[in-house]
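input14.txt, holding compact mmCIF, C-alpha atoms and all ligand atoms:
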# COMPACT_ATOMS: atom_id res chain seq x y z
CA MET A 19 0.00 0.00 0.00
CA GLU A 20 1.00 3.56 -0.58
CA ASN A 21 2.15 5.62 2.34
CA LYS A 22 0.23 8.90 2.19
CA THR A 23 1.87 10.44 5.21
CA TYR A 24 4.97 11.96 3.67
CA GLN A 25 6.52 15.02 5.25
CA LEU A 26 7.67 17.97 3.16
CA LEU A 27 11.26 19.09 3.58
CA ASP A 28 10.38 22.76 3.73
CA GLY A 29 13.46 24.59 2.48
CA LYS A 30 11.59 27.86 2.49
CA ALA A 31 10.81 27.63 6.20
CA VAL A 32 14.27 26.32 7.18
CA SER A 33 16.04 29.00 5.16
CA ALA A 34 13.82 31.70 6.72
CA GLN A 35 14.87 30.43 10.17
CA MET A 36 18.55 30.44 9.16
CA LYS A 37 18.13 33.95 7.80
CA ARG A 38 16.83 35.14 11.18
CA GLU A 39 19.74 33.43 12.94
CA MET A 40 22.26 35.12 10.66
CA ALA A 41 20.56 38.53 10.89
CA GLU A 42 20.93 38.32 14.68
CA GLU A 43 24.58 37.46 14.32
CA VAL A 44 25.19 40.37 11.96
CA ALA A 45 23.38 42.72 14.36
CA ARG A 46 25.71 41.48 17.10
CA LEU A 47 28.76 42.02 14.88
CA LYS A 48 27.60 45.56 14.15
CA ALA A 49 26.98 46.30 17.82
CA GLU A 50 30.50 45.15 18.64
CA GLY A 51 31.90 47.41 15.91
CA GLY A 52 33.03 44.48 13.79
CA LYS A 53 33.24 44.41 10.03
CA ILE A 54 30.00 43.86 8.11
CA PRO A 55 30.36 40.86 5.79
CA HIS A 56 30.43 41.91 2.12
CA LEU A 57 29.48 39.66 -0.81
CA ALA A 58 30.11 40.67 -4.40
CA ALA A 59 28.45 38.98 -7.37
CA VAL A 60 29.62 39.17 -10.97
CA LEU A 61 26.88 38.68 -13.57
CA VAL A 62 27.63 38.37 -17.28
CA GLY A 63 24.84 38.85 -19.82
CA HIS A 64 21.07 38.63 -19.29
CA ASP A 65 20.18 34.95 -18.87
CA GLY A 66 16.76 34.85 -17.16
CA GLY A 67 17.68 32.20 -14.61
CA SER A 68 21.00 33.84 -13.70
CA GLU A 69 19.34 37.27 -13.38
CA THR A 70 16.80 35.81 -10.94
CA TYR A 71 19.36 33.89 -8.89
CA VAL A 72 21.68 36.88 -8.56
CA ALA A 73 18.81 39.25 -7.70
CA ASN A 74 17.74 36.80 -4.96
CA LYS A 75 21.29 36.61 -3.61
CA VAL A 76 21.59 40.41 -3.45
CA ARG A 77 18.15 40.77 -1.82
CA THR A 78 18.94 38.10 0.77
CA CYS A 79 22.20 39.88 1.64
CA GLU A 80 20.23 43.04 2.35
CA GLU A 81 17.68 41.19 4.47
CA ILE A 82 20.44 39.70 6.62
CA GLY A 83 22.35 42.95 6.89
CA PHE A 84 25.36 42.09 4.73
CA ARG A 85 26.88 44.50 2.26
CA SER A 86 26.52 43.41 -1.34
CA SER A 87 27.83 44.57 -4.69
CA LEU A 88 26.56 43.54 -8.10
CA ILE A 89 29.03 43.87 -10.95
CA ARG A 90 27.48 43.49 -14.39
CA PHE A 91 29.07 42.85 -17.77
CA GLU A 92 27.47 42.50 -21.18
CA SER A 93 27.76 39.05 -22.76
CA ASP A 94 30.46 40.29 -25.15
CA VAL A 95 32.91 40.94 -22.27
CA THR A 96 36.36 39.51 -22.91
CA GLU A 97 37.90 36.80 -20.77
CA GLU A 98 40.76 39.18 -20.07
CA ARG A 99 38.41 41.87 -18.71
CA LEU A 100 36.63 39.33 -16.53
CA LEU A 101 39.93 38.02 -15.14
CA GLN A 102 40.94 41.61 -14.43
CA GLU A 103 37.74 42.06 -12.39
CA VAL A 104 38.39 38.83 -10.48
CA ASP A 105 41.86 40.15 -9.67
CA ARG A 106 40.42 43.46 -8.47
CA LEU A 107 37.93 41.63 -6.19
CA ASN A 108 40.70 39.36 -4.87
CA ASN A 109 42.55 42.50 -3.80
CA ASP A 110 39.60 44.55 -2.51
CA SER A 111 39.97 44.23 1.25
CA ASP A 112 36.35 45.23 1.90
CA VAL A 113 35.03 42.30 -0.18
CA ASP A 114 35.01 39.16 2.01
CA GLY A 115 33.70 36.80 -0.64
CA PHE A 116 32.51 36.87 -4.22
CA ILE A 117 30.92 34.72 -6.88
CA VAL A 118 30.95 34.72 -10.65
CA GLN A 119 27.50 33.53 -11.68
CA LEU A 120 27.60 30.55 -14.03
CA PRO A 121 27.14 29.68 -16.84
CA LEU A 122 29.46 32.10 -18.64
CA PRO A 123 29.36 32.67 -22.42
CA LYS A 124 30.99 29.72 -24.20
CA ARG A 125 33.91 31.84 -25.44
CA ILE A 126 35.07 32.29 -21.86
CA ALA A 127 36.96 29.49 -20.15
CA GLU A 128 34.85 28.99 -17.03
CA GLN A 129 37.45 26.89 -15.25
CA LYS A 130 40.12 29.54 -15.83
CA VAL A 131 37.89 32.16 -14.20
CA ILE A 132 37.11 29.88 -11.23
CA GLU A 133 40.80 29.16 -10.68
CA ALA A 134 41.61 32.87 -10.75
CA ILE A 135 39.44 33.47 -7.68
CA ASP A 136 41.33 33.65 -4.38
CA TYR A 137 40.19 30.43 -2.65
CA ARG A 138 39.84 32.37 0.61
CA LYS A 139 37.10 34.46 -1.04
CA ASP A 140 35.58 31.60 -3.03
CA VAL A 141 32.23 31.44 -1.20
CA ASP A 142 30.83 29.24 -4.03
CA GLY A 143 33.37 26.58 -3.06
CA PHE A 144 34.19 25.94 -6.73
CA HIS A 145 37.97 26.53 -6.60
CA PRO A 146 40.00 23.29 -6.79
CA ILE A 147 41.53 24.06 -3.38
CA ASN A 148 38.10 24.15 -1.76
CA VAL A 149 36.90 21.11 -3.72
CA GLY A 150 40.05 19.18 -2.74
CA ARG A 151 39.79 20.19 0.91
CA MET A 152 36.12 19.14 0.91
CA ALA A 153 37.05 15.78 -0.58
CA ILE A 154 39.50 15.00 2.24
CA GLY A 155 37.39 16.52 5.00
CA LEU A 156 39.35 19.70 5.74
CA PRO A 157 37.70 23.03 6.66
CA CYS A 158 36.69 24.83 3.44
CA PHE A 159 33.90 26.66 1.69
CA LEU A 160 31.35 23.98 0.79
CA SER A 161 29.46 24.68 -2.39
CA ALA A 162 26.00 25.96 -1.68
CA THR A 163 23.66 23.32 -3.07
CA PRO A 164 25.35 20.33 -1.37
CA ALA A 165 25.68 22.32 1.85
CA GLY A 166 21.98 23.25 1.67
CA ILE A 167 20.96 19.63 1.16
CA LEU A 168 23.03 18.52 4.17
CA GLU A 169 21.56 21.28 6.34
CA LEU A 170 18.02 20.24 5.37
CA ILE A 171 18.77 16.60 6.26
CA LYS A 172 20.26 17.75 9.57
CA ARG A 173 17.44 20.09 10.56
CA TYR A 174 14.84 17.36 9.96
CA GLY A 175 16.96 14.85 11.91
CA ILE A 176 16.94 12.36 9.04
CA GLU A 177 19.07 9.30 9.77
CA THR A 178 21.85 8.73 7.26
CA GLN A 179 24.24 6.23 8.87
CA GLY A 180 24.43 3.02 6.84
CA LYS A 181 21.75 4.20 4.41
CA HIS A 182 22.02 3.66 0.68
CA CYS A 183 22.06 7.04 -1.02
CA VAL A 184 21.61 7.15 -4.78
CA VAL A 185 22.67 10.38 -6.50
CA LEU A 186 21.39 11.06 -10.02
CA GLY A 187 23.85 13.33 -11.84
CA ARG A 188 27.61 13.81 -11.67
CA SER A 189 28.02 17.57 -12.03
CA ASN A 190 30.89 19.35 -10.32
CA ILE A 191 28.49 21.62 -8.44
CA VAL A 192 25.97 19.07 -7.12
CA GLY A 193 26.33 15.36 -7.93
CA LYS A 194 30.03 14.88 -7.20
CA PRO A 195 30.21 16.96 -4.01
CA VAL A 196 26.96 15.70 -2.46
CA ALA A 197 28.06 12.09 -3.11
CA ASN A 198 31.40 12.85 -1.47
CA LEU A 199 29.85 14.58 1.56
CA LEU A 200 27.30 11.84 2.23
CA MET A 201 29.97 9.14 2.33
CA ARG A 202 32.05 11.02 4.91
CA LYS A 203 32.50 9.62 8.40
CA ALA A 204 30.16 12.20 9.93
CA TYR A 205 26.57 13.25 10.31
CA PRO A 206 24.97 13.77 7.86
CA GLY A 207 27.03 11.07 6.17
CA ASP A 208 28.15 7.48 6.67
CA CYS A 209 26.01 6.55 3.65
CA THR A 210 26.77 3.97 1.01
CA VAL A 211 26.63 6.10 -2.10
CA THR A 212 25.87 5.19 -5.70
CA VAL A 213 26.23 7.85 -8.40
CA CYS A 214 24.14 7.38 -11.55
CA HIS A 215 24.47 9.32 -14.80
CA SER A 216 23.54 9.28 -18.46
CA ARG A 217 25.58 6.13 -19.15
CA THR A 218 24.36 4.14 -16.14
CA ARG A 219 22.76 0.77 -16.85
CA ASN A 220 19.64 -0.26 -14.94
CA LEU A 221 19.19 3.20 -13.47
CA PRO A 222 15.55 2.63 -12.37
CA ASP A 223 16.63 -0.58 -10.55
CA LEU A 224 19.36 1.32 -8.71
CA CYS A 225 16.92 4.09 -7.78
CA ARG A 226 14.57 1.53 -6.24
CA GLU A 227 17.43 0.51 -3.91
CA ALA A 228 17.76 4.02 -2.52
CA ASP A 229 16.91 4.94 1.06
CA ILE A 230 17.86 8.49 0.10
CA LEU A 231 17.45 9.55 -3.54
CA ILE A 232 19.01 12.82 -4.70
CA ALA A 233 17.94 13.88 -8.18
CA ALA A 234 20.26 16.42 -9.80
CA LEU A 235 19.98 15.77 -13.53
CA GLY A 236 18.12 18.84 -14.74
CA SER A 237 15.66 16.55 -16.51
CA PRO A 238 12.07 17.54 -15.67
CA GLU A 239 10.00 14.82 -13.94
CA PHE A 240 12.58 12.14 -14.73
CA VAL A 241 11.96 10.23 -11.49
CA LYS A 242 8.63 8.37 -11.65
CA GLY A 243 6.65 6.74 -8.85
CA ASP A 244 7.81 3.22 -9.73
CA MET A 245 11.47 4.25 -9.35
CA VAL A 246 11.16 4.99 -5.64
CA LYS A 247 11.15 2.58 -2.69
CA GLU A 248 8.38 2.90 -0.08
CA GLY A 249 9.56 5.15 2.75
CA ALA A 250 12.45 6.73 0.83
CA VAL A 251 13.74 10.26 1.38
CA VAL A 252 13.66 12.12 -1.96
CA ILE A 253 15.61 15.31 -2.57
CA ASP A 254 14.85 17.11 -5.83
CA VAL A 255 17.56 19.49 -7.02
CA GLY A 256 16.03 20.10 -10.46
CA THR A 257 14.89 23.61 -11.37
CA THR A 258 14.14 23.58 -15.08
CA ARG A 259 12.00 26.33 -16.57
CA VAL A 260 9.33 24.48 -18.52
CA PRO A 261 7.17 26.69 -20.80
CA ASP A 262 3.67 27.20 -19.34
CA ALA A 263 1.33 29.61 -21.11
CA THR A 264 -1.04 29.70 -18.10
CA ARG A 265 1.55 31.52 -15.98
CA LYS A 266 2.42 35.16 -15.96
CA SER A 267 6.14 34.35 -16.09
CA GLY A 268 5.53 32.04 -19.08
CA PHE A 269 7.21 29.07 -17.37
CA LYS A 270 6.82 26.60 -14.55
CA LEU A 271 9.83 25.76 -12.38
CA THR A 272 9.92 21.98 -12.67
CA GLY A 273 11.90 19.50 -10.62
CA ASP A 274 13.53 16.22 -11.65
CA VAL A 275 10.87 14.29 -9.71
CA LYS A 276 7.28 13.62 -10.76
CA PHE A 277 6.03 14.85 -7.42
CA ASP A 278 2.40 13.63 -7.49
CA GLU A 279 3.45 10.06 -8.21
CA VAL A 280 6.52 9.98 -5.99
CA ALA A 281 5.44 11.87 -2.85
CA PRO A 282 2.90 9.28 -1.60
CA ARG A 283 5.70 6.70 -1.50
CA CYS A 284 8.12 8.88 0.50
CA SER A 285 8.85 9.47 4.15
CA PHE A 286 10.28 12.91 3.27
CA ILE A 287 10.37 14.84 0.01
CA THR A 288 11.42 18.33 -1.08
CA PRO A 289 8.95 20.43 -3.07
CA VAL A 290 9.96 22.42 -6.16
CA PRO A 291 9.98 25.32 -5.72
CA GLY A 292 10.56 25.82 -1.98
CA GLY A 293 12.88 22.88 -1.27
CA VAL A 294 16.54 22.87 -2.25
CA GLY A 295 16.43 26.28 -4.02
CA PRO A 296 16.07 28.48 -0.92
CA MET A 297 18.58 26.27 0.94
CA THR A 298 21.16 26.95 -1.78
CA ILE A 299 20.88 30.71 -1.44
CA ILE A 300 20.98 30.61 2.34
CA SER A 301 24.08 28.37 2.26
CA LEU A 302 25.85 30.99 0.16
CA MET A 303 24.88 33.51 2.86
CA ARG A 304 26.30 31.20 5.53
CA ASN A 305 29.58 31.06 3.57
CA THR A 306 29.57 34.85 3.31
CA LEU A 307 29.24 35.10 7.09
CA LEU A 308 32.08 32.57 7.52
CA ALA A 309 34.19 34.58 5.05
CA GLY A 310 33.36 37.88 6.80
CA THR A 311 34.33 36.53 10.22
CA LYS A 312 37.40 34.74 8.82
CA ALA A 313 36.03 31.55 10.36
CA ILE A 314 37.67 29.20 7.84
CA TYR A 315 40.69 31.00 6.39
CA ALA A 316 42.38 33.71 8.46
N1 LIG B 1 24.93 28.61 -11.46
C1 LIG B 1 24.11 27.65 -10.97
N2 LIG B 1 24.34 27.45 -9.67
C2 LIG B 1 25.32 28.31 -9.32
C3 LIG B 1 25.98 28.58 -8.10
O1 LIG B 1 25.74 27.97 -7.05
N3 LIG B 1 26.94 29.55 -8.15
C4 LIG B 1 27.25 30.21 -9.28
N4 LIG B 1 28.21 31.11 -9.23
N5 LIG B 1 26.66 29.98 -10.43
C5 LIG B 1 25.70 29.03 -10.46

Will you turn the file into structure tokens for me?
Ligand code: GUN
Amino acid sequence: MENKTYQLLDGKAVSAQMKREMAEEVARLKAEGGKIPHLAAVLVGHDGGSETYVANKVRTCEEIGFRSSLIRFESDVTEERLLQEVDRLNNDSDVDGFIVQLPLPKRIAEQKVIEAIDYRKDVDGFHPINVGRMAIGLPCFLSATPAGILELIKRYGIETQGKHCVVLGRSNIVGKPVANLLMRKAYPGDCTVTVCHSRTRNLPDLCREADILIAALGSPEFVKGDMVKEGAVVIDVGTTRVPDATRKSGFKLTGDVKFDEVAPRCSFITPVPGGVGPMTIISLMRNTLLAGTKAIYA
């Protein structure tokens, strides 16, 4: 029989709570005459998704009490000019952390830009030094989506030790790091992790083995009801804009999980929107606070 009593992993509510916690901490910093954390964001071009994400990041900074700067370039900016800006931000002592919103225009070597960022200001956690430190369990900036997923698991007290976690997707910013973090000797962690991708055989069979299923493919409604074990925890990282003429925006933000079919089988499931998305932004804010207080790198 289907289990109808699933619980939503409410990223919107958890992130709102974290925002209040951080706002209090910033107020305390201010009262003590400390430095106000400052996040800068570099945005290239006018991609709709990137515009929205960056606007949300800037707004959340303001709500918490951080300083923020938005640096915009047109999509014809040269790689050289962008690297020059990265260098300027590396050397701006008021800027505690900064991000370059991805994706960048194809002409620009994304990895070169990422590696130009001072790892001590790399609040996205994309620099190879942060990725490497994460992989061997050293203090570092954890990239925001994996960190947000872990925080959600933690705040709902979901057991992870000995569980089989299946990750769908092997991207550098979600699949690989979340797989790595969940196999660590820690909580959340101590999972047995399987990573599936476009060349995986018997993917639905592997999904059905999952106690915790993390879908990060960017393939709308890929995970169907019959791919999920009864009582599983399902975390949906997908946020694809699917055209929808009935909406004012013209699109519907659609996850990688066919929610109506899957939810009744779950113990816990994230909604889209309102699940992983808000947790990602708030995790970037957490990293900004850690950067501002020099909590990881002096
Ligand atoms: N594009 C999609 N996700 C992210 C992110 O977390 N950081 C940056 N900089 N770009 C992104």

Have a look at A:Ser216, A:Gln102, A:Ser68, A:Gln179 and name the one nearest to ligand LIG 1 (chain B); count only C-alpha atoms and all ligand atoms. A:Ser68

Stretch 218-235 of chain A: which residues within 8 Å, counting all atoms listed in the file, same-chain residues fewer than 6 positions away excluded, as a ChimeraX atom specification? /A:181-187,192-193,241,244-247,249-256,274-275

Of the candidates A:Glu239, A:Glu80, A:Asp65, A:Asp136, which one gets nearest to ligand LIG 1 (chain B) if we count only C-alpha atoms and all ligand atoms?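 The closest residue to ligand LIG 1 (chain B) is A:Asp65.
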
Once you count only C-alpha atoms and all ligand atoms, which residues end up within 6 Å of ligand LIG 1 (chain B), and could you hand them over as number ranges by chain? A: 117-121, 142, 162

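One distance worth recording is that between atom CA of A:Lys37 and atom CA of A:Val149, which is 25.5 Å.
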
Which is closest to A:Arg151 among A:Thr212, A:Gln35, A:Thr258, A:Asn198, if we use all atoms listed in the file? A:Asn198

Hey, what's within 12 Å of A:Asn74 if we count all atoms listed in the file and toss same-chain stuff fewer than 2 positions away? As a PyMOL selection string, please? chain A and resi 59+67-72+76-81+86+88+295-296+298-300+302-303

Using all atoms listed in the file, which residues sit within 8 Å of A:Ala134 once same-chain residues fewer than 3 positions away are excluded, as a VMD selection string? chain A and resid 101 104 to 105 130 to 131

Distance criterion (all atoms listed in the file): nearest to A:Gly115 out of A:Cys209, A:Val60, A:Leu156, A:Ala281: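 Once distances to A:Gly115 are computed over all atoms listed in the file, the minimum belongs to A:Val60.
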
Tell me, as a ChimeraX atom specification, which residues lie within 7 Å of stretch 41-57 of chain A, counting all atoms listed in the file; anything in the same chain fewer than 2 positions away does not count. /A:37-39,59,82-87,112-116,306-307,310
